[in-house]
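Here is start22.txt, consisting of compact mmCIF, C-alpha atoms and all ligand atoms:
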# COMPACT_ATOMS: atom_id res chain seq x y z
CA MET A 1 56.58 55.33 1.01
CA GLU A 2 56.50 52.11 -0.97
CA LYS A 3 53.45 49.78 -1.20
CA ARG A 4 54.58 46.21 -0.42
CA GLU A 5 52.91 42.78 -0.13
CA MET A 6 49.27 42.29 0.81
CA LEU A 7 48.84 41.70 4.54
CA TYR A 8 45.15 40.90 4.55
CA GLU A 9 42.15 40.78 2.25
CA GLY A 10 38.68 41.45 3.59
CA LYS A 11 35.28 41.62 1.95
CA ALA A 12 35.48 45.23 0.81
CA LYS A 13 39.14 46.17 1.29
CA GLN A 14 42.72 44.98 0.97
CA VAL A 15 45.49 45.97 3.36
CA PHE A 16 49.10 46.33 2.16
CA LEU A 17 52.32 46.62 4.10
CA THR A 18 54.67 49.50 3.30
CA ASP A 19 58.40 49.98 3.83
CA ASP A 20 57.51 51.66 7.15
CA PRO A 21 56.42 49.01 9.72
CA ASP A 22 54.00 51.49 11.33
CA LEU A 23 52.15 52.36 8.11
CA ILE A 24 49.75 50.43 5.89
CA VAL A 25 47.86 51.16 2.69
CA ILE A 26 44.15 50.35 2.64
CA HIS A 27 42.71 49.68 -0.81
CA TYR A 28 38.94 49.99 -1.34
CA LYS A 29 37.36 47.38 -3.64
CA ASP A 30 33.98 47.36 -5.39
CA ASP A 31 32.98 44.04 -3.80
CA ALA A 32 29.97 43.96 -1.53
CA THR A 33 28.75 41.18 0.74
CA ALA A 34 25.79 40.89 3.06
CA TYR A 35 24.28 38.38 5.48
CA ASN A 36 27.69 37.02 6.48
CA ASN A 37 28.86 36.42 2.89
CA VAL A 38 25.67 34.72 1.67
CA LYS A 39 24.93 37.56 -0.77
CA LYS A 40 27.80 38.80 -2.92
CA ALA A 41 28.10 41.32 -5.73
CA THR A 42 30.25 43.97 -7.28
CA ILE A 43 28.93 47.50 -7.12
CA GLU A 44 30.74 49.53 -9.73
CA ALA A 45 32.65 52.49 -8.25
CA LYS A 46 31.72 51.61 -4.64
CA GLY A 47 35.41 51.50 -3.67
CA LEU A 48 36.02 54.98 -5.09
CA LEU A 49 32.97 56.38 -3.34
CA ASN A 50 33.67 54.77 0.04
CA ASN A 51 37.32 55.84 -0.04
CA GLN A 52 36.18 59.44 -0.60
CA ILE A 53 33.34 59.31 1.91
CA SER A 54 35.40 57.65 4.65
CA THR A 55 38.26 60.12 4.07
CA ILE A 56 35.94 63.10 4.53
CA ILE A 57 34.41 61.60 7.68
CA PHE A 58 37.74 60.61 9.25
CA LYS A 59 39.19 64.09 8.55
CA TYR A 60 36.15 65.65 10.22
CA LEU A 61 36.52 63.39 13.27
CA ILE A 62 40.26 64.13 13.51
CA GLU A 63 39.54 67.88 13.36
CA ASN A 64 37.19 67.32 16.27
CA GLY A 65 39.75 65.56 18.44
CA ILE A 66 39.04 61.88 17.75
CA PRO A 67 42.20 59.75 17.54
CA THR A 68 42.14 57.62 14.35
CA HIS A 69 44.41 55.46 12.19
CA PHE A 70 43.87 57.71 9.17
CA ILE A 71 46.83 59.66 7.75
CA GLU A 72 45.95 60.65 4.17
CA GLN A 73 44.14 59.69 1.00
CA LEU A 74 46.72 58.58 -1.57
CA ASN A 75 44.56 58.19 -4.68
CA ASP A 76 41.06 57.12 -5.86
CA ARG A 77 41.17 53.82 -4.02
CA ASP A 78 44.02 53.97 -1.48
CA GLN A 79 44.47 55.49 1.97
CA LEU A 80 47.63 55.66 4.04
CA CYS A 81 46.90 54.66 7.64
CA ARG A 82 48.74 53.77 10.82
CA ARG A 83 49.13 50.07 11.35
CA VAL A 84 47.08 48.93 14.33
CA THR A 85 46.05 45.68 15.94
CA ILE A 86 42.29 45.57 15.50
CA PHE A 87 40.18 44.59 18.50
CA PRO A 88 37.96 41.78 17.10
CA LEU A 89 34.87 43.79 18.03
CA GLU A 90 32.15 45.53 16.06
CA VAL A 91 30.91 48.45 18.10
CA ILE A 92 27.40 49.29 16.89
CA VAL A 93 25.54 52.48 17.78
CA ARG A 94 21.78 52.68 17.34
CA ASN A 95 19.96 56.01 17.35
CA VAL A 96 16.92 54.57 15.59
CA ILE A 97 15.91 50.89 15.68
CA ALA A 98 16.55 49.04 12.43
CA GLY A 99 18.13 45.91 10.98
CA SER A 100 19.03 43.04 13.26
CA MET A 101 17.74 44.71 16.44
CA ALA A 102 14.33 45.39 14.88
CA LYS A 103 14.15 41.75 13.84
CA ARG A 104 15.54 40.16 17.01
CA LEU A 105 13.30 42.09 19.41
CA ASP A 106 10.32 42.52 17.06
CA ILE A 107 10.39 46.32 17.13
CA PRO A 108 9.17 48.22 14.05
CA GLU A 109 12.03 49.72 12.03
CA GLY A 110 12.19 53.47 12.53
CA THR A 111 11.25 53.38 16.24
CA LYS A 112 13.22 56.01 18.16
CA PRO A 113 14.46 54.63 21.50
CA SER A 114 14.61 56.90 24.58
CA ASN A 115 18.35 56.33 24.84
CA THR A 116 21.29 55.64 22.54
CA ILE A 117 22.05 51.93 22.30
CA ILE A 118 25.56 50.53 22.01
CA ASP A 119 25.95 46.87 21.05
CA ILE A 120 29.16 44.92 20.77
CA CYS A 121 29.60 41.93 18.49
CA TYR A 122 32.50 39.49 18.43
CA LYS A 123 34.09 39.72 14.96
CA LYS A 124 34.23 36.07 13.97
CA ASP A 125 32.81 35.05 10.58
CA GLU A 126 32.50 31.35 11.52
CA LEU A 127 30.12 32.35 14.33
CA GLY A 128 28.29 35.03 12.34
CA ASP A 129 29.63 37.91 14.51
CA PRO A 130 27.53 37.13 17.63
CA LEU A 131 26.24 39.83 19.95
CA ILE A 132 28.22 39.73 23.22
CA ASN A 133 28.55 41.86 26.36
CA ASN A 134 31.47 43.45 28.23
CA ASP A 135 32.02 40.43 30.47
CA HIS A 136 32.16 38.14 27.44
CA ALA A 137 34.66 40.46 25.74
CA VAL A 138 36.93 40.45 28.79
CA ALA A 139 36.57 36.67 29.32
CA LEU A 140 37.42 36.08 25.64
CA GLY A 141 40.54 38.24 26.04
CA ILE A 142 39.34 40.71 23.41
CA ALA A 143 39.87 43.79 25.62
CA THR A 144 40.10 44.84 29.26
CA TYR A 145 37.25 46.67 31.03
CA GLU A 146 39.33 49.85 30.90
CA GLU A 147 39.88 49.48 27.15
CA LEU A 148 36.16 48.88 26.62
CA ASP A 149 35.35 52.02 28.63
CA GLU A 150 37.77 54.04 26.52
CA MET A 151 36.22 52.67 23.31
CA PHE A 152 32.67 53.43 24.50
CA GLU A 153 33.64 56.96 25.52
CA LEU A 154 35.10 57.56 22.05
CA THR A 155 32.05 55.90 20.48
CA ARG A 156 29.66 58.31 22.22
CA ARG A 157 31.72 61.32 21.11
CA ILE A 158 31.85 59.95 17.54
CA ASN A 159 28.07 59.44 17.56
CA VAL A 160 27.42 63.05 18.62
CA LEU A 161 29.80 64.38 15.94
CA LEU A 162 28.44 62.17 13.14
CA THR A 163 24.78 62.70 14.05
CA ASP A 164 25.39 66.45 13.89
CA LEU A 165 27.32 66.27 10.61
CA PHE A 166 24.64 64.20 8.86
CA LYS A 167 21.76 66.23 10.33
CA LYS A 168 23.16 69.32 8.60
CA LEU A 169 23.08 67.37 5.32
CA GLY A 170 19.44 66.36 5.76
CA ILE A 171 20.32 62.80 6.75
CA THR A 172 19.32 60.76 9.81
CA LEU A 173 22.17 58.65 11.16
CA VAL A 174 20.08 55.60 12.09
CA ASP A 175 22.90 53.28 13.17
CA PHE A 176 26.53 52.51 12.38
CA LYS A 177 29.36 50.11 13.08
CA ILE A 178 32.88 51.12 14.03
CA GLU A 179 36.07 49.29 14.87
CA PHE A 180 39.00 50.24 17.06
CA GLY A 181 42.65 49.29 16.99
CA LYS A 182 45.74 49.69 19.12
CA THR A 183 48.88 51.35 17.76
CA SER A 184 52.39 50.02 18.37
CA ASP A 185 52.72 52.55 21.21
CA GLY A 186 49.53 51.29 22.89
CA LYS A 187 47.04 54.03 21.92
CA ILE A 188 43.42 53.13 21.16
CA VAL A 189 42.30 54.71 17.88
CA LEU A 190 39.29 54.55 15.58
CA ALA A 191 40.16 52.33 12.59
CA ASP A 192 38.50 50.65 9.58
CA GLU A 193 36.05 52.80 7.59
CA ILE A 194 32.87 54.84 8.01
CA SER A 195 30.74 54.77 4.87
CA PRO A 196 27.29 53.77 3.59
CA ASP A 197 28.59 50.19 3.89
CA THR A 198 28.83 50.60 7.67
CA CYS A 199 26.08 53.13 8.46
CA ARG A 200 22.34 53.31 7.96
CA LEU A 201 21.61 56.72 6.49
CA TRP A 202 18.04 57.84 5.80
CA ASP A 203 17.00 61.04 4.06
CA SER A 204 15.54 63.15 6.88
CA GLN A 205 12.55 64.30 4.79
CA THR A 206 11.54 61.12 2.99
CA ASN A 207 13.27 58.35 5.05
CA GLU A 208 14.68 57.07 1.74
CA LYS A 209 17.53 54.64 2.44
CA LEU A 210 20.90 55.93 1.22
CA ASP A 211 23.10 53.03 2.35
CA LYS A 212 23.95 49.35 1.96
CA ASP A 213 20.37 48.29 2.76
CA ARG A 214 19.65 49.16 -0.89
CA PHE A 215 21.95 46.25 -1.77
CA ARG A 216 20.93 43.94 1.12
CA ARG A 217 17.23 44.34 0.33
CA ASP A 218 17.44 44.61 -3.48
CA LEU A 219 16.04 48.15 -3.53
CA GLY A 220 18.10 49.18 -6.58
CA LYS A 221 20.03 52.41 -7.16
CA VAL A 222 22.83 51.39 -4.79
CA ARG A 223 25.55 53.38 -6.51
CA GLU A 224 23.25 56.41 -6.81
CA ALA A 225 22.64 56.35 -3.05
CA TYR A 226 26.37 56.28 -2.26
CA GLU A 227 26.88 59.10 -4.80
CA GLU A 228 24.18 61.12 -3.08
CA ILE A 229 25.96 60.76 0.28
CA LEU A 230 29.27 61.89 -1.25
CA HIS A 231 27.51 64.73 -3.04
CA ARG A 232 25.96 66.02 0.19
CA LEU A 233 29.28 65.67 2.09
CA THR A 234 31.13 67.72 -0.52
CA LYS A 235 28.47 70.39 -1.03
N1 LIG A 301 27.18 46.70 10.23
C1 LIG A 301 28.39 46.62 9.57
N2 LIG A 301 29.02 45.41 9.48
C2 LIG A 301 28.51 44.28 10.02
C3 LIG A 301 27.29 44.36 10.70
C4 LIG A 301 26.65 45.57 10.80
O1 LIG A 301 28.90 47.63 9.08
O2 LIG A 301 29.16 43.22 9.91
C5 LIG A 301 26.48 47.98 10.35
C6 LIG A 301 25.22 48.02 9.50
O3 LIG A 301 25.48 48.57 8.23
C7 LIG A 301 24.32 48.92 10.30
C8 LIG A 301 24.75 48.69 11.74
O4 LIG A 301 26.05 48.14 11.69
O5 LIG A 301 24.57 50.28 9.96
C9 LIG A 301 23.82 47.79 12.52
O6 LIG A 301 23.69 46.58 11.82
P1 LIG A 301 22.71 45.43 12.33
O7 LIG A 301 23.21 44.89 13.60
O8 LIG A 301 21.34 45.94 12.31
O9 LIG A 301 22.94 44.26 11.31
P2 LIG A 301 22.35 43.99 9.86
O10 LIG A 301 20.92 44.38 9.87
O11 LIG A 301 23.22 44.82 8.98
O12 LIG A 301 22.60 42.53 9.71

Reformat the file's structure so that it appears as structure tokens.
Ligand code: UDP
Amino acid sequence: MEKREMLYEGKAKQVFLTDDPDLIVIHYKDDATAYNNVKKATIEAKGLLNNQISTIIFKYLIENGIPTHFIEQLNDRDQLCRRVTIFPLEVIVRNVIAGSMAKRLDIPEGTKPSNTIIDICYKKDELGDPLINNDHAVALGIATYEELDEMFELTRRINVLLTDLFKKLGITLVDFKIEFGKTSDGKIVLADEISPDTCRLWDSQTNEKLDKDRFRRDLGKVREAYEEILHRLTK
């Protein structure tokens, strides 16, 4: 398998074509952005840590029957994955209220809702990834109702698996964002990454934040928090 030209460059990752049209290489960078690109920085070793963390999490989900794009970790910064067409949707799961929902609805961060909340946002930087609903997604041609149902069903299973995994490590999975893609043979699979960049992870005992909020909110010790997550996942 040969790494070829770059297909796409995002905020935290690059995607490369390979000599196999169904395979891509995802390269994890140290760049971090927040608030729709307003805040930018490089967090040394973040790419290495997120590659490791996301690999462990995707392997765990695959072992538990979740279809994903992940094939294997190639080296410190690269993963081999199936090429998919990404649905331009951020599927967000909230087990505890935090971040934009806390702000938008004036609910104190840390409030536990009676039910799990799933939000969908339209992935479009120019619009600031607006919150939408199923009807919007269908009207915009992002997905069909059946595809949305399939994604939500997978999302609920992923949430149960991840909540359980992190609970055993003394971590509360507050919320997270996932993305789905469609393979060349029409299968919906989990894609992108799952890491402290895309999850809110609080120490269960102290509620200390062990995720990207340390960067967003200038709390310091960003790298140390990501290292702590990797450390607990590999213990
Ligand atoms: N999230 C993400 N990418 C985004 C927006 C959100 O990975 O573009 C994650 C974020 O890290 C958090 C969850 O989705 O774990 C919910 O984020 P929220 O809507 O509260 O937005 P934020 O407060 O990050 O602006």

Using only C-alpha atoms: which of A:Asp78, A:Asp175, A:Glu146, A:Asp106 has the shortest distance to Asn159 (chain A):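 Smallest distance to Asn159 (chain A) is found for A:Asp175.
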
field: Neighbourhood of ligand LIG 301 (chain A) at 10 Å, counting all atoms listed in the file, reported as a ChimeraX atom specification
entry: /A:33-37,89-94,97-104,119-125,128-131,173-179,193-201,211-213,216

message: Quick check, in Å to one decimal: how far apart do CA of Ser184 (chain A) and CA of Ile132 (chain A) lie?
response: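 Computing the Euclidean distance for CA of Ser184 (chain A) and CA of Ile132 (chain A) yields 26.7 Å.
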
query: Which residues, protein or nucleic acid, reach to within 6 Å of (53.2, 42.4, 3.9) in the file's coordinates when using only C-alpha atoms, and can you give that as a VMD selection string?
result: chain A and resid 4 to 7 16 to 17

Just write the chosen residues, C-alpha atoms, as a PDB file, in the frame of the given file.
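Dumped to out23.pdb:
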ATOM      1  CA  ARG A   4      54.580  46.210  -0.420  1.00  0.00           C
ATOM      2  CA  GLU A   5      52.910  42.780  -0.130  1.00  0.00           C
ATOM      3  CA  MET A   6      49.270  42.290   0.810  1.00  0.00           C
ATOM      4  CA  LEU A   7      48.840  41.700   4.540  1.00  0.00           C
ATOM      5  CA  PHE A  16      49.100  46.330   2.160  1.00  0.00           C
ATOM      6  CA  LEU A  17      52.320  46.620   4.100  1.00  0.00           C
TER       7      LEU A  17
END

task: Using only C-alpha atoms, find the one residue out of A:Ile229, A:Leu61, A:Leu169, A:Cys81 that sits nearest to Gln205 (chain A).
output: A:Leu169

task: May I ask which of the residues A:Ile171, A:Leu23, A:Ile118, A:Leu48 is the closest one to Glu153 (chain A), counting all atoms listed in the file?
output: A:Ile118

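Atom to atom, CA of Leu49 (chain A) and CA of Ala12 (chain A) stand 12.2 Å apart.
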
task: Using CA of Asp19 (chain A) and CA of Arg77 (chain A) as the two end points, give the distance in Å to one decimal.
output: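 Separating CA of Asp19 (chain A) from CA of Arg77 (chain A) is a distance of 19.3 Å.
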
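Between Asp30 (chain A) and the residues A:Lys112, A:Leu140, A:Val222, A:Gly65, the shortest atom-to-atom distance, using all atoms listed in the file, involves A:Val222.
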
field: Closest of A:Asp31, A:Asp164, A:Asp149, A:Glu109 to Gly47 (chain A) - atom-to-atom distances counting only C-alpha atoms
entry: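 For Gly47 (chain A), the nearest of the candidates is A:Asp31.
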
field: Top pick for closest residue to Gly186 (chain A), considering A:Leu74, A:Glu147, A:Gly141, A:Glu63 and counting all atoms listed in the file
entry: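 Of A:Leu74, A:Glu147, A:Gly141, A:Glu63, the one nearest Gly186 (chain A) is A:Glu147, counting all atoms listed in the file.
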